[in-house]
>>> print(open('upload23.txt').read())   # compact mmCIF, C-alpha atoms (C1' of nucleotides)
# COMPACT_ATOMS: atom_id res chain seq x y z
CA MET C 675 22.46 -9.02 3.79
CA LYS C 676 25.60 -8.53 5.86
CA ASP C 677 27.29 -5.56 7.44
CA SER C 678 29.61 -3.41 5.36
CA HIS C 679 29.84 0.15 4.25
CA VAL C 680 28.54 -0.90 0.85
CA ALA C 681 25.44 -2.55 2.30
CA ASP C 682 24.79 0.46 4.50
CA ASP C 683 25.19 2.99 1.73
CA VAL C 684 22.97 1.01 -0.58
CA THR C 685 20.27 0.63 2.04
CA ARG C 686 20.34 4.33 2.82
CA ALA C 687 20.11 5.29 -0.84
CA ALA C 688 17.35 2.78 -1.44
CA VAL C 689 15.21 4.08 1.42
CA GLU C 690 15.56 7.60 0.16
CA LEU C 691 14.73 6.76 -3.43
CA PHE C 692 11.91 4.34 -2.63
CA ALA C 693 10.33 6.96 -0.40
CA THR C 694 10.43 9.72 -3.00
CA GLN C 695 9.83 7.81 -6.22
CA GLY C 696 8.28 4.56 -5.14
CA TYR C 697 9.73 1.08 -5.37
CA ALA C 698 8.64 0.30 -8.91
CA ASN C 699 9.87 3.59 -10.29
CA THR C 700 13.32 3.16 -8.85
CA SER C 701 15.80 1.09 -10.82
CA VAL C 702 18.64 -0.81 -9.27
CA GLN C 703 20.93 1.31 -11.42
CA GLN C 704 19.67 4.49 -9.78
CA ILE C 705 20.21 3.06 -6.34
CA VAL C 706 23.78 1.99 -6.88
CA GLU C 707 24.62 5.30 -8.53
CA ALA C 708 23.16 7.23 -5.60
CA ALA C 709 25.11 5.01 -3.22
CA GLY C 710 28.31 5.43 -5.21
CA VAL C 711 28.86 1.72 -5.79
CA THR C 712 28.37 -0.65 -8.70
CA LYS C 713 25.72 -3.21 -9.40
CA GLY C 714 28.20 -6.01 -8.86
CA ALA C 715 28.96 -4.75 -5.38
CA MET C 716 25.31 -4.47 -4.54
CA TYR C 717 24.42 -7.94 -5.76
CA HIS C 718 27.31 -9.22 -3.70
CA TYR C 719 25.47 -8.18 -0.54
CA PHE C 720 21.84 -8.46 -1.57
CA GLU C 721 20.08 -11.26 -3.37
CA SER C 722 17.57 -9.13 -5.16
CA LYS C 723 15.83 -5.79 -5.25
CA ASP C 724 13.11 -7.41 -3.19
CA ASP C 725 15.73 -8.23 -0.59
CA LEU C 726 16.55 -4.57 -0.28
CA LEU C 727 12.96 -3.69 0.42
CA PHE C 728 12.53 -6.44 2.96
CA GLY C 729 15.65 -5.33 4.80
CA ILE C 730 14.09 -1.94 5.35
CA TYR C 731 10.97 -3.47 6.85
CA GLU C 732 12.89 -5.90 8.94
CA LYS C 733 14.86 -3.16 10.64
CA LEU C 734 11.89 -0.92 11.35
CA LEU C 735 9.73 -3.74 12.66
CA SER C 736 12.43 -4.98 15.01
CA LEU C 737 13.04 -1.53 16.34
CA GLN C 738 9.43 -0.74 17.07
CA LYS C 739 8.67 -4.12 18.54
CA SER C 740 11.61 -3.98 20.94
CA ARG C 741 10.62 -0.49 22.07
CA LEU C 742 7.06 -1.64 22.67
CA ASP C 743 8.21 -4.60 24.71
CA GLU C 744 10.48 -2.44 26.77
CA ILE C 745 7.82 0.11 27.63
CA ILE C 746 5.28 -2.54 28.54
CA ALA C 747 7.86 -4.37 30.64
CA ARG C 748 8.32 -1.24 32.74
CA GLY C 749 4.70 -1.69 33.79
CA GLY C 750 2.51 0.79 35.62
CA ASP C 751 -0.89 2.38 35.31
CA VAL C 752 -2.62 1.26 32.10
CA GLU C 753 -3.37 4.70 30.76
CA GLU C 754 0.15 5.88 31.46
CA VAL C 755 1.62 2.87 29.71
CA LEU C 756 -0.64 3.35 26.72
CA ARG C 757 0.28 7.01 26.48
CA ALA C 758 3.97 6.16 26.62
CA VAL C 759 3.57 3.52 23.93
CA CYS C 760 1.68 5.87 21.64
CA VAL C 761 4.03 8.79 22.06
CA ASP C 762 7.02 6.58 21.53
CA VAL C 763 5.80 4.89 18.38
CA ILE C 764 4.77 8.21 16.87
CA GLU C 765 8.16 9.72 17.61
CA THR C 766 9.95 6.70 16.25
CA SER C 767 7.81 6.83 13.14
CA ILE C 768 8.72 10.46 12.65
CA ASP C 769 12.38 9.69 13.12
CA HIS C 770 12.10 7.03 10.45
CA MET C 771 9.65 8.70 8.16
CA PRO C 772 11.21 7.60 4.84
CA GLU C 773 11.14 3.99 6.02
CA GLY C 774 7.54 4.45 7.07
CA THR C 775 6.58 5.93 3.74
CA VAL C 776 8.12 3.02 1.91
CA PHE C 777 6.53 0.61 4.31
CA PHE C 778 2.96 1.63 3.75
CA ARG C 779 3.31 2.41 0.09
CA SER C 780 5.24 -0.57 -1.17
CA MET C 781 4.39 -3.50 1.02
CA HIS C 782 2.33 -5.03 -1.75
CA MET C 783 5.40 -5.11 -3.97
CA LEU C 784 7.07 -7.72 -1.79
CA SER C 785 6.98 -11.35 -2.77
CA ALA C 786 4.08 -13.22 -1.21
CA PRO C 787 6.04 -15.14 1.45
CA ARG C 788 7.83 -12.02 2.57
CA GLN C 789 4.61 -10.11 2.68
CA GLN C 790 3.31 -12.80 5.01
CA GLU C 791 6.36 -12.50 7.18
CA VAL C 792 5.84 -8.75 7.50
CA THR C 793 2.18 -9.26 8.27
CA ARG C 794 3.09 -11.79 10.94
CA ARG C 795 5.47 -9.38 12.63
CA ARG C 796 2.98 -6.57 12.46
CA ARG C 797 0.32 -8.74 14.00
CA ALA C 798 2.61 -9.41 16.93
CA TYR C 799 2.77 -5.68 17.56
CA HIS C 800 -0.93 -5.32 16.95
CA ASP C 801 -1.84 -8.06 19.41
CA GLU C 802 0.24 -6.60 22.17
CA PHE C 803 -1.46 -3.28 21.61
CA VAL C 804 -4.88 -4.90 21.74
CA GLU C 805 -3.98 -6.62 24.99
CA LEU C 806 -3.07 -3.27 26.50
CA ILE C 807 -6.39 -1.74 25.58
CA ASP C 808 -8.24 -4.79 26.79
CA ARG C 809 -6.56 -4.45 30.14
CA GLY C 810 -7.74 -0.86 30.29
CA ARG C 811 -11.24 -1.95 29.50
CA ARG C 812 -11.25 -4.60 32.20
CA ASP C 813 -10.05 -1.92 34.61
CA GLY C 814 -13.00 0.21 33.57
CA VAL C 815 -10.79 2.96 32.20
CA PHE C 816 -11.55 2.59 28.48
CA ARG C 817 -14.88 2.51 26.74
CA THR C 818 -16.38 -0.81 25.69
CA ASP C 819 -19.12 0.38 23.37
CA ILE C 820 -16.81 0.24 20.35
CA PRO C 821 -15.02 -2.93 19.17
CA VAL C 822 -11.33 -3.07 20.03
CA ALA C 823 -10.52 -3.57 16.37
CA VAL C 824 -11.98 -0.17 15.60
CA LEU C 825 -10.16 1.49 18.47
CA VAL C 826 -6.84 0.02 17.43
CA ALA C 827 -7.35 0.88 13.78
CA HIS C 828 -8.19 4.39 14.85
CA PHE C 829 -4.77 4.76 16.39
CA PHE C 830 -2.72 2.94 13.78
CA SER C 831 -4.26 5.15 11.17
CA ASP C 832 -2.43 8.13 12.64
CA LEU C 833 0.88 6.36 12.21
CA HIS C 834 0.09 5.57 8.61
CA TYR C 835 -0.92 9.06 7.78
CA LEU C 836 2.03 10.82 9.36
CA SER C 837 4.12 10.73 6.21
CA HIS C 838 1.28 12.33 4.28
CA TRP C 839 1.19 15.55 6.22
CA TYR C 840 3.95 15.86 8.80
CA SER C 841 7.15 17.53 7.75
CA PRO C 842 10.18 17.66 10.07
CA GLU C 843 10.99 21.02 8.52
CA GLY C 844 7.47 22.29 9.17
CA PRO C 845 6.26 24.32 12.12
CA GLU C 846 5.11 21.38 14.23
CA ASP C 847 7.45 19.96 16.83
CA LYS C 848 7.94 16.23 16.84
CA THR C 849 7.36 15.61 20.53
CA LEU C 850 4.48 18.03 20.66
CA VAL C 851 2.69 16.37 17.76
CA ALA C 852 3.24 12.96 19.30
CA GLU C 853 1.66 14.16 22.52
CA GLN C 854 -1.21 15.85 20.75
CA LEU C 855 -2.12 12.83 18.65
CA THR C 856 -1.81 10.62 21.69
CA ASP C 857 -4.06 12.93 23.64
CA LEU C 858 -6.68 12.90 20.91
CA PHE C 859 -6.61 9.13 20.89
CA VAL C 860 -6.69 8.59 24.62
CA THR C 861 -9.39 11.20 25.10
CA SER C 862 -11.59 9.47 22.57
CA ILE C 863 -11.27 5.99 24.02
CA ARG C 864 -11.58 6.90 27.68
CA ARG C 865 -14.74 5.77 29.39
CA THR C 866 -16.84 8.76 30.44
CA ASP C 867 -20.07 7.28 31.75
CA ALA C 868 -20.52 4.90 34.64
CA PRO C 869 -20.08 1.16 33.93
CA ALA C 870 -23.28 -0.47 32.70
CA MET A 886 -11.88 9.40 -21.81
CA LYS A 887 -15.45 9.25 -23.09
CA ASP A 888 -18.49 7.19 -22.23
CA SER A 889 -18.85 3.74 -23.70
CA HIS A 890 -19.19 0.23 -22.49
CA VAL A 891 -15.55 -0.33 -23.37
CA ALA A 892 -14.33 2.60 -21.29
CA ASP A 893 -16.49 1.51 -18.38
CA ASP A 894 -15.41 -2.10 -18.49
CA VAL A 895 -11.78 -1.15 -18.73
CA THR A 896 -12.04 1.26 -15.83
CA ARG A 897 -13.74 -1.31 -13.66
CA ALA A 898 -11.16 -3.94 -14.45
CA ALA A 899 -8.34 -1.50 -13.88
CA VAL A 900 -9.61 -0.47 -10.45
CA GLU A 901 -9.92 -4.07 -9.41
CA LEU A 902 -6.47 -5.06 -10.63
CA PHE A 903 -4.70 -1.94 -9.41
CA ALA A 904 -6.21 -2.44 -5.98
CA THR A 905 -5.14 -6.05 -5.68
CA GLN A 906 -1.80 -6.07 -7.50
CA GLY A 907 -0.74 -2.46 -7.55
CA TYR A 908 -0.40 -0.17 -10.52
CA ALA A 909 3.15 -1.11 -11.47
CA ASN A 910 2.49 -4.82 -11.27
CA THR A 911 -0.49 -4.66 -13.56
CA SER A 912 0.10 -4.72 -17.30
CA VAL A 913 -2.20 -3.13 -19.81
CA GLN A 914 -2.57 -6.55 -21.33
CA GLN A 915 -3.99 -7.94 -18.09
CA ILE A 916 -6.45 -5.11 -17.85
CA VAL A 917 -7.83 -5.47 -21.34
CA GLU A 918 -8.09 -9.23 -20.94
CA ALA A 919 -10.00 -8.84 -17.69
CA ALA A 920 -12.26 -6.30 -19.35
CA GLY A 921 -12.79 -8.55 -22.36
CA VAL A 922 -11.57 -6.03 -24.89
CA THR A 923 -8.40 -5.54 -26.91
CA LYS A 924 -5.51 -3.17 -26.48
CA GLY A 925 -6.51 -1.30 -29.59
CA ALA A 926 -9.97 -0.65 -28.20
CA MET A 927 -8.55 0.54 -24.92
CA TYR A 928 -6.08 2.93 -26.48
CA HIS A 929 -8.94 4.30 -28.52
CA TYR A 930 -10.53 5.60 -25.33
CA PHE A 931 -7.53 6.26 -23.13
CA GLU A 932 -4.33 8.04 -23.95
CA SER A 933 -2.13 6.04 -21.64
CA LYS A 934 -2.02 3.77 -18.65
CA ASP A 935 -1.51 6.90 -16.59
CA ASP A 936 -4.76 8.24 -17.99
CA LEU A 937 -6.56 5.22 -16.62
CA LEU A 938 -5.25 5.88 -13.15
CA PHE A 939 -6.08 9.54 -13.25
CA GLY A 940 -9.63 8.78 -14.36
CA ILE A 941 -10.15 6.75 -11.22
CA TYR A 942 -9.01 9.61 -9.02
CA GLU A 943 -10.99 12.16 -10.93
CA LYS A 944 -14.23 10.31 -10.39
CA LEU A 945 -13.70 9.69 -6.68
CA LEU A 946 -12.62 13.25 -5.98
CA SER A 947 -15.60 14.73 -7.79
CA LEU A 948 -17.99 12.48 -5.96
CA GLN A 949 -16.67 13.24 -2.50
CA LYS A 950 -16.36 16.94 -3.11
CA SER A 951 -19.93 17.25 -4.36
CA ARG A 952 -21.25 15.31 -1.38
CA LEU A 953 -19.31 17.56 0.98
CA ASP A 954 -20.67 20.70 -0.65
CA GLU A 955 -24.17 19.38 -0.48
CA ILE A 956 -24.04 18.56 3.21
CA ILE A 957 -22.49 21.87 4.11
CA ALA A 958 -25.05 23.71 2.02
CA ARG A 959 -27.82 22.16 4.09
CA GLY A 960 -26.40 24.11 7.03
CA GLY A 961 -27.23 23.66 10.70
CA ASP A 962 -25.48 23.20 14.00
CA VAL A 963 -21.71 22.93 13.52
CA GLU A 964 -21.24 19.67 15.35
CA GLU A 965 -24.16 18.09 13.57
CA VAL A 966 -22.82 19.16 10.19
CA LEU A 967 -19.36 17.86 11.01
CA ARG A 968 -20.77 14.54 12.12
CA ALA A 969 -22.78 14.25 8.91
CA VAL A 970 -19.73 15.07 6.83
CA CYS A 971 -17.58 12.52 8.61
CA VAL A 972 -20.10 9.72 8.50
CA ASP A 973 -20.79 10.37 4.84
CA VAL A 974 -17.21 10.44 3.70
CA ILE A 975 -16.42 7.27 5.63
CA GLU A 976 -19.39 5.47 4.13
CA THR A 977 -18.52 6.68 0.66
CA SER A 978 -14.95 5.55 1.16
CA ILE A 979 -16.14 2.12 2.16
CA ASP A 980 -18.43 1.96 -0.85
CA HIS A 981 -15.45 2.77 -3.05
CA MET A 982 -12.77 0.92 -1.20
CA PRO A 983 -10.86 -0.38 -4.25
CA GLU A 984 -10.62 3.15 -5.61
CA GLY A 985 -9.44 4.35 -2.24
CA THR A 986 -6.82 1.65 -2.03
CA VAL A 987 -5.49 2.58 -5.43
CA PHE A 988 -5.64 6.23 -4.54
CA PHE A 989 -3.45 6.08 -1.50
CA ARG A 990 -1.12 3.46 -2.79
CA SER A 991 -0.43 4.64 -6.31
CA MET A 992 -0.75 8.39 -6.33
CA HIS A 993 3.00 8.74 -6.62
CA MET A 994 2.90 6.80 -9.87
CA LEU A 995 1.06 9.59 -11.65
CA SER A 996 2.93 12.03 -13.82
CA ALA A 997 3.99 15.17 -11.95
CA PRO A 998 1.39 17.55 -13.41
CA ARG A 999 -1.42 15.15 -12.74
CA GLN A 1000 -0.20 14.57 -9.24
CA GLN A 1001 -0.42 18.31 -8.75
CA GLU A 1002 -3.93 18.36 -10.09
CA VAL A 1003 -4.97 15.67 -7.64
CA THR A 1004 -3.29 17.52 -4.80
CA ARG A 1005 -5.10 20.70 -5.76
CA ARG A 1006 -8.47 18.97 -5.69
CA ARG A 1007 -7.72 17.32 -2.39
CA ARG A 1008 -6.72 20.63 -0.89
CA ALA A 1009 -10.09 22.06 -1.89
CA TYR A 1010 -11.75 19.34 0.18
CA HIS A 1011 -9.25 19.80 2.96
CA ASP A 1012 -9.79 23.56 3.17
CA GLU A 1013 -13.52 23.23 3.39
CA PHE A 1014 -13.08 20.74 6.21
CA VAL A 1015 -10.74 23.11 8.03
CA GLU A 1016 -13.23 25.93 7.70
CA LEU A 1017 -15.87 23.77 9.32
CA ILE A 1018 -13.68 23.00 12.30
CA ASP A 1019 -12.64 26.62 12.59
CA ARG A 1020 -16.28 27.61 12.79
CA GLY A 1021 -16.74 25.15 15.60
CA ARG A 1022 -13.78 26.62 17.41
CA ARG A 1023 -15.08 30.15 17.08
CA ASP A 1024 -18.37 28.92 18.49
CA GLY A 1025 -16.47 27.50 21.44
CA VAL A 1026 -17.51 23.94 20.66
CA PHE A 1027 -14.14 22.51 19.60
CA ARG A 1028 -10.84 22.61 21.42
CA THR A 1029 -8.23 25.16 20.42
CA ASP A 1030 -5.19 23.77 22.22
CA ILE A 1031 -4.20 21.65 19.23
CA PRO A 1032 -3.44 23.06 15.76
CA VAL A 1033 -6.22 22.58 13.21
CA ALA A 1034 -3.75 20.85 10.92
CA VAL A 1035 -3.29 18.12 13.50
CA LEU A 1036 -7.00 17.76 14.10
CA VAL A 1037 -7.72 17.45 10.40
CA ALA A 1038 -4.89 15.00 9.82
CA HIS A 1039 -6.22 12.97 12.71
CA PHE A 1040 -9.49 12.50 10.89
CA PHE A 1041 -8.18 12.01 7.38
CA SER A 1042 -5.92 9.31 8.69
CA ASP A 1043 -8.96 7.17 9.43
CA LEU A 1044 -10.07 7.42 5.82
CA HIS A 1045 -6.63 6.41 4.60
CA TYR A 1046 -6.40 3.48 6.88
CA LEU A 1047 -9.83 2.03 6.16
CA SER A 1048 -8.64 -0.12 3.30
CA HIS A 1049 -5.98 -1.63 5.56
CA TRP A 1050 -8.34 -3.17 8.05
CA TYR A 1051 -11.98 -2.86 7.10
CA SER A 1052 -13.55 -5.65 5.13
CA PRO A 1053 -17.11 -5.41 3.79
CA GLU A 1054 -17.37 -9.16 4.33
CA GLY A 1055 -16.18 -8.86 7.91
CA PRO A 1056 -18.30 -8.61 11.04
CA GLU A 1057 -18.38 -4.81 11.20
CA ASP A 1058 -21.33 -2.97 9.69
CA LYS A 1059 -20.53 -0.10 7.37
CA THR A 1060 -22.83 2.48 8.92
CA LEU A 1061 -21.94 1.44 12.41
CA VAL A 1062 -18.22 1.76 11.81
CA ALA A 1063 -18.74 5.15 10.20
CA GLU A 1064 -20.60 6.32 13.27
CA GLN A 1065 -18.06 4.84 15.65
CA LEU A 1066 -15.09 6.43 13.97
CA THR A 1067 -16.93 9.72 13.76
CA ASP A 1068 -17.77 9.52 17.42
CA LEU A 1069 -14.16 8.86 18.34
CA PHE A 1070 -13.10 11.86 16.32
CA VAL A 1071 -15.75 14.27 17.53
CA THR A 1072 -15.28 13.19 21.13
CA SER A 1073 -11.59 13.91 20.92
CA ILE A 1074 -11.87 17.37 19.42
CA ARG A 1075 -14.73 18.62 21.55
CA ARG A 1076 -13.86 21.33 24.05
CA THR A 1077 -14.31 20.05 27.57
CA ASP A 1078 -13.01 22.84 29.78
CA ALA A 1079 -14.32 26.40 30.01
CA PRO A 1080 -12.95 28.91 27.46
CA ALA A 1081 -9.66 30.51 28.55
C1' DT O 90 -35.30 0.28 -49.74
C1' DG O 91 -30.77 -0.06 -51.34
C1' DC O 92 -26.35 2.06 -52.10
C1' DG O 93 -22.00 4.60 -51.64
C1' DG O 94 -18.75 6.41 -48.84
C1' DG O 95 -16.61 8.42 -45.03
C1' DA O 96 -15.65 8.28 -40.29
C1' DA O 97 -15.42 6.13 -35.98
C1' DA O 98 -14.52 1.91 -33.55
C1' DC O 99 -11.70 -1.76 -33.11
C1' DC O 100 -7.94 -5.43 -33.90
C1' DG O 101 -3.43 -7.48 -32.69
C1' DA O 102 1.29 -8.19 -34.31
C1' DC O 103 5.19 -5.64 -33.60
C1' DT O 104 8.89 -2.44 -31.71
C1' DG O 105 12.02 -0.13 -28.97
C1' DG O 106 13.76 0.47 -24.76
C1' DA O 107 14.24 -0.28 -19.92
C1' DC O 108 15.46 -3.13 -16.31
C1' DG O 109 16.56 -7.07 -13.08
C1' DG O 110 19.75 -10.19 -12.80
C1' DT O 111 24.15 -12.89 -14.29
C1' DA O 112 28.72 -14.36 -16.11
C1' DT O 113 33.23 -13.50 -16.35
C1' DG O 114 37.24 -11.71 -14.89
C1' DC O 115 40.50 -9.13 -12.16
C1' DA O 116 42.97 -7.18 -8.04
C1' DC O 117 44.66 -8.04 -3.81
C1' DG O 118 45.39 -9.70 0.76
C1' DA O 119 46.24 -14.05 3.40
C1' DT W 1423 47.40 -19.77 -5.04
C1' DC W 1424 43.18 -19.42 -3.29
C1' DG W 1425 39.13 -16.91 -1.92
C1' DT W 1426 36.83 -12.59 -1.19
C1' DG W 1427 35.24 -8.28 -2.89
C1' DC W 1428 34.11 -6.03 -6.51
C1' DA W 1429 33.81 -4.20 -11.75
C1' DT W 1430 31.67 -4.43 -16.30
C1' DA W 1431 29.63 -6.10 -20.20
C1' DC W 1432 25.90 -8.61 -21.41
C1' DC W 1433 21.31 -11.35 -21.67
C1' DG W 1434 16.53 -12.44 -21.61
C1' DT W 1435 12.25 -10.71 -20.48
C1' DC W 1436 8.60 -7.81 -20.18
C1' DC W 1437 5.67 -4.21 -21.48
C1' DA W 1438 3.66 0.46 -22.89
C1' DG W 1439 2.47 2.20 -26.79
C1' DT W 1440 2.05 2.17 -32.16
C1' DC W 1441 0.39 1.45 -36.61
C1' DG W 1442 -1.47 -0.50 -40.78
C1' DG W 1443 -5.37 -2.64 -41.63
C1' DT W 1444 -10.39 -4.27 -41.08
C1' DT W 1445 -15.06 -3.95 -39.57
C1' DT W 1446 -19.14 -1.49 -38.09
C1' DC W 1447 -22.00 2.35 -38.08
C1' DC W 1448 -24.35 6.17 -39.90
C1' DC W 1449 -26.17 9.36 -43.09
C1' DG W 1450 -27.29 11.49 -47.49
C1' DC W 1451 -29.19 10.33 -51.71
C1' DA W 1452 -31.56 8.06 -55.55
>>> encode(input="upload23.txt", output="structure tokens")
Amino acid sequence: MKDSHVADDVTRAAVELFATQGYANTSVQQIVEAAGVTKGAMYHYFESKDDLLFGIYEKLLSLQKSRLDEIIARGGDVEEVLRAVCVDVIETSIDHMPEGTVFFRSMHMLSAPRQQEVTRRRRAYHDEFVELIDRGRRDGVFRTDIPVAVLVAHFFSDLHYLSHWYSPEGPEDKTLVAEQLTDLFVTSIRRTDAPA
Amino acid sequence: MKDSHVADDVTRAAVELFATQGYANTSVQQIVEAAGVTKGAMYHYFESKDDLLFGIYEKLLSLQKSRLDEIIARGGDVEEVLRAVCVDVIETSIDHMPEGTVFFRSMHMLSAPRQQEVTRRRRAYHDEFVELIDRGRRDGVFRTDIPVAVLVAHFFSDLHYLSHWYSPEGPEDKTLVAEQLTDLFVTSIRRTDAPA
DNA sequence: TGCGGGAAACCGACTGGACGGTATGCACGA
DNA sequence: TCGTGCATACCGTCCAGTCGGTTTCCCGCA
């Protein structure tokens, strides 16, 4: 996958179609027609249909990971950092909703090795997130009566579900929703009683 | 779709295969082989592959809706009822994890009219859930600074995500996780300040 | 109890079409 | 004249669904 207007157009069309119809229900023919190119052109830039899908993941994963790193690198109060991370990843997810939809819906359609690669990259994000919460727990800010795995899953679930209910054309404002979901999460994991 | 050992076996095999390989990647041939029957037998009980998928949804939706109705009918303190509803639906989801996985992953593979039917049934559940939270708000128990839609989505997201992280063979106990997730949710939506 | 017959259950080879991927060739700029 | 970028026709495969045929089951009747 290289840079070119063909590759870009194809990727854009693919994301759109995969998100609305699903990966399996979208033929390569449909994609190239929507992108206004021919199959030959497409297969000149991509090795396979699978390649197309992986490219979408690749881009989204890189983006989110680099944003996470950047926010954490800025440092500061744990709760503030966590809030910033949450708000940012929700907003980014909303900005890339079609990609997100495809991501969660079609990951199992990838070839096994590529699925592993995606899982590996996601775990990197996951682990950094866990570390952040752990820091908050050591500082006595976050509750320790619930396993971290559950806490983390509780937040990631919101990201997953976004594409199932949020509509950019709807009444809810992007930033507002991001702050509201973040607030719900942070409120629920904050320690309220005195340390044991 | 009628009752018979063939129909049951086929359904069971289909759920299992759809959950692990995805709907599109599973051929009818694979299903009937796994179920130990022939294609002819299967097509005697089901109209299409699509029918098979819809049957899975149908059963899960009916089950969860009837459990919801029953719990609400018992009545009682709003927060207690909500907790019971949440814990129950999480436990049920865990008990039927393969169905849930298929549900969230392959709904878009259904024919348009059947997708609508599923959406309709889900909305029925959704609306009842909203009503419960609204009651809690009127009673001054739940916060009103966040739209109900966001609150509800925040909970449903946990159900969706379950199949992505929870493993019945893992260290986490089903009931415990259900209670923990419920607690996180209820804690976050409870009103903490005095009414405005 | 045995029999006839009709319907329901079941079998599995086959078909028609879709689809991912390829082979071949051409245009054009360096 | 050579390579890159692309067009187009084509191929092999796979698979949902069908269909003619066979077996099993059941029930009325002698």
>>> residues_around(input="upload23.txt", residues="stretch 1047-1058 of chain A", least_positions_apart="2", cutoff="9 Å", atoms="all atoms listed in the file", output="ChimeraX atom specification")
/C:821,823-824,827,831 /A:975,978-980,982-983,985-986,1042-1045,1060-1063
>>> atom_distance(input="upload23.txt", atom1="atom CA of A:Glu943", atom2="atom CA of A:Ala920")
20.3 Å
>>> residues_around(input="upload23.txt", residues="O:DT113", least_positions_apart="2", cutoff="12 Å", atoms="only C-alpha atoms (C1' of nucleotides)", output="PyMOL selection string")
(chain C and resi 714) or (chain O and resi 111+115) or (chain W and resi 1429-1432)
>>> residues_around(input="upload23.txt", residues="stretch 931-934 of chain A", least_positions_apart="5", cutoff="12 Å", atoms="only C-alpha atoms (C1' of nucleotides)", output="PyMOL selection string")
(chain A and resi 886-889+891-893+895-896+899-900+903+908-909+911-917+924-926+939-941+994-996) or (chain W and resi 1437-1440)
>>> interface_residues(input="upload23.txt", of="chain O", to="chain A", cutoff="12 Å", atoms="only C-alpha atoms (C1' of nucleotides)", output="PyMOL selection string")
chain O and resi 97-102
>>> write_last_selection(input="upload23.txt", atoms="C-alpha atoms (C1' of nucleotides)", output="short mmCIF file (atom, residue, chain, number, x, y, z; two decimals), in the coordinates of the input")
data_model
loop_
_atom_site.label_atom_id
_atom_site.label_comp_id
_atom_site.auth_asym_id
_atom_site.auth_seq_id
_atom_site.Cartn_x
_atom_site.Cartn_y
_atom_site.Cartn_z
"C1'" DA O 97 -15.42 6.13 -35.98
"C1'" DA O 98 -14.52 1.91 -33.55
"C1'" DC O 99 -11.70 -1.76 -33.11
"C1'" DC O 100 -7.94 -5.43 -33.90
"C1'" DG O 101 -3.43 -7.48 -32.69
"C1'" DA O 102 1.29 -8.19 -34.31
#
>>> atom_distance(input="upload23.txt", atom1="atom CA of A:Asp1012", atom2="atom CA of C:Phe830")
24.2 Å
>>> closest_residue(input="upload23.txt", among="A:Leu902, A:Arg1022, A:Asn910, A:Arg897", to="chain C", atoms="only C-alpha atoms")
A:Asn910
>>> atom_distance(input="upload23.txt", atom1="atom CA of A:Val1033", atom2="atom CA of C:Val804")
28.8 Å
>>> closest_atom_pairs(input="upload23.txt", of="chain C", to="chain A", cutoff="6 Å", atoms="only C-alpha atoms", output="tab-separated table")
residue	atom	partner	partner_atom	distance
C:Arg779	CA	A:Arg990	CA	5.4
C:Ser831	CA	A:Tyr1046	CA	5.1
C:Asp832	CA	A:Ser1042	CA	5.4
C:Tyr835	CA	A:Ser1042	CA	5.1
C:Leu858	CA	A:Ser1073	CA	5.0
C:Thr861	CA	A:Ser1073	CA	5.4
C:Ser862	CA	A:Ser1073	CA	4.7
>>> axis_aligned_box(input="upload23.txt", around="stretch 972-989 of chain A", padding_each_side="4 Å", output="AutoDock Vina command-line options")
--center_x -12.1 --center_y 5.0 --center_z 1.4 --size_x 25.3 --size_y 18.8 --size_z 22.1
>>> residues_near_point(input="upload23.txt", point="(-20.9, 2.5, -42.6)", cutoff="8 Å", atoms="only C-alpha atoms (C1' of nucleotides)", output="list in words")
DG94 and DG95 of chain O; DT1446, DC1447 and DC1448 of chain W
>>> build_atoms(input="upload23.txt", residues="stretch 732-739 of chain C", atoms="N, CA and C atoms", output="mmCIF file, in the coordinates of the input")
data_model
loop_
_atom_site.group_PDB
_atom_site.id
_atom_site.type_symbol
_atom_site.label_atom_id
_atom_site.label_comp_id
_atom_site.auth_asym_id
_atom_site.auth_seq_id
_atom_site.Cartn_x
_atom_site.Cartn_y
_atom_site.Cartn_z
ATOM 1 N N GLU C 732 12.282 -5.110 7.877
ATOM 2 C CA GLU C 732 12.890 -5.900 8.940
ATOM 3 C C GLU C 732 13.439 -5.019 10.057
ATOM 4 N N LYS C 733 14.213 -4.027 9.672
ATOM 5 C CA LYS C 733 14.860 -3.160 10.640
ATOM 6 C C LYS C 733 13.837 -2.342 11.427
ATOM 7 N N LEU C 734 12.897 -1.759 10.698
ATOM 8 C CA LEU C 734 11.890 -0.920 11.350
ATOM 9 C C LEU C 734 11.010 -1.727 12.294
ATOM 10 N N LEU C 735 10.593 -2.893 11.842
ATOM 11 C CA LEU C 735 9.730 -3.740 12.660
ATOM 12 C C LEU C 735 10.434 -4.163 13.943
ATOM 13 N N SER C 736 11.679 -4.565 13.824
ATOM 14 C CA SER C 736 12.430 -4.980 15.010
ATOM 15 C C SER C 736 12.538 -3.846 16.002
ATOM 16 N N LEU C 737 12.888 -2.695 15.484
ATOM 17 C CA LEU C 737 13.040 -1.530 16.340
ATOM 18 C C LEU C 737 11.773 -1.220 17.115
ATOM 19 N N GLN C 738 10.675 -1.125 16.403
ATOM 20 C CA GLN C 738 9.430 -0.740 17.070
ATOM 21 C C GLN C 738 8.946 -1.804 18.035
ATOM 22 N N LYS C 739 9.108 -3.055 17.647
ATOM 23 C CA LYS C 739 8.670 -4.120 18.540
ATOM 24 C C LYS C 739 9.489 -4.114 19.838
#
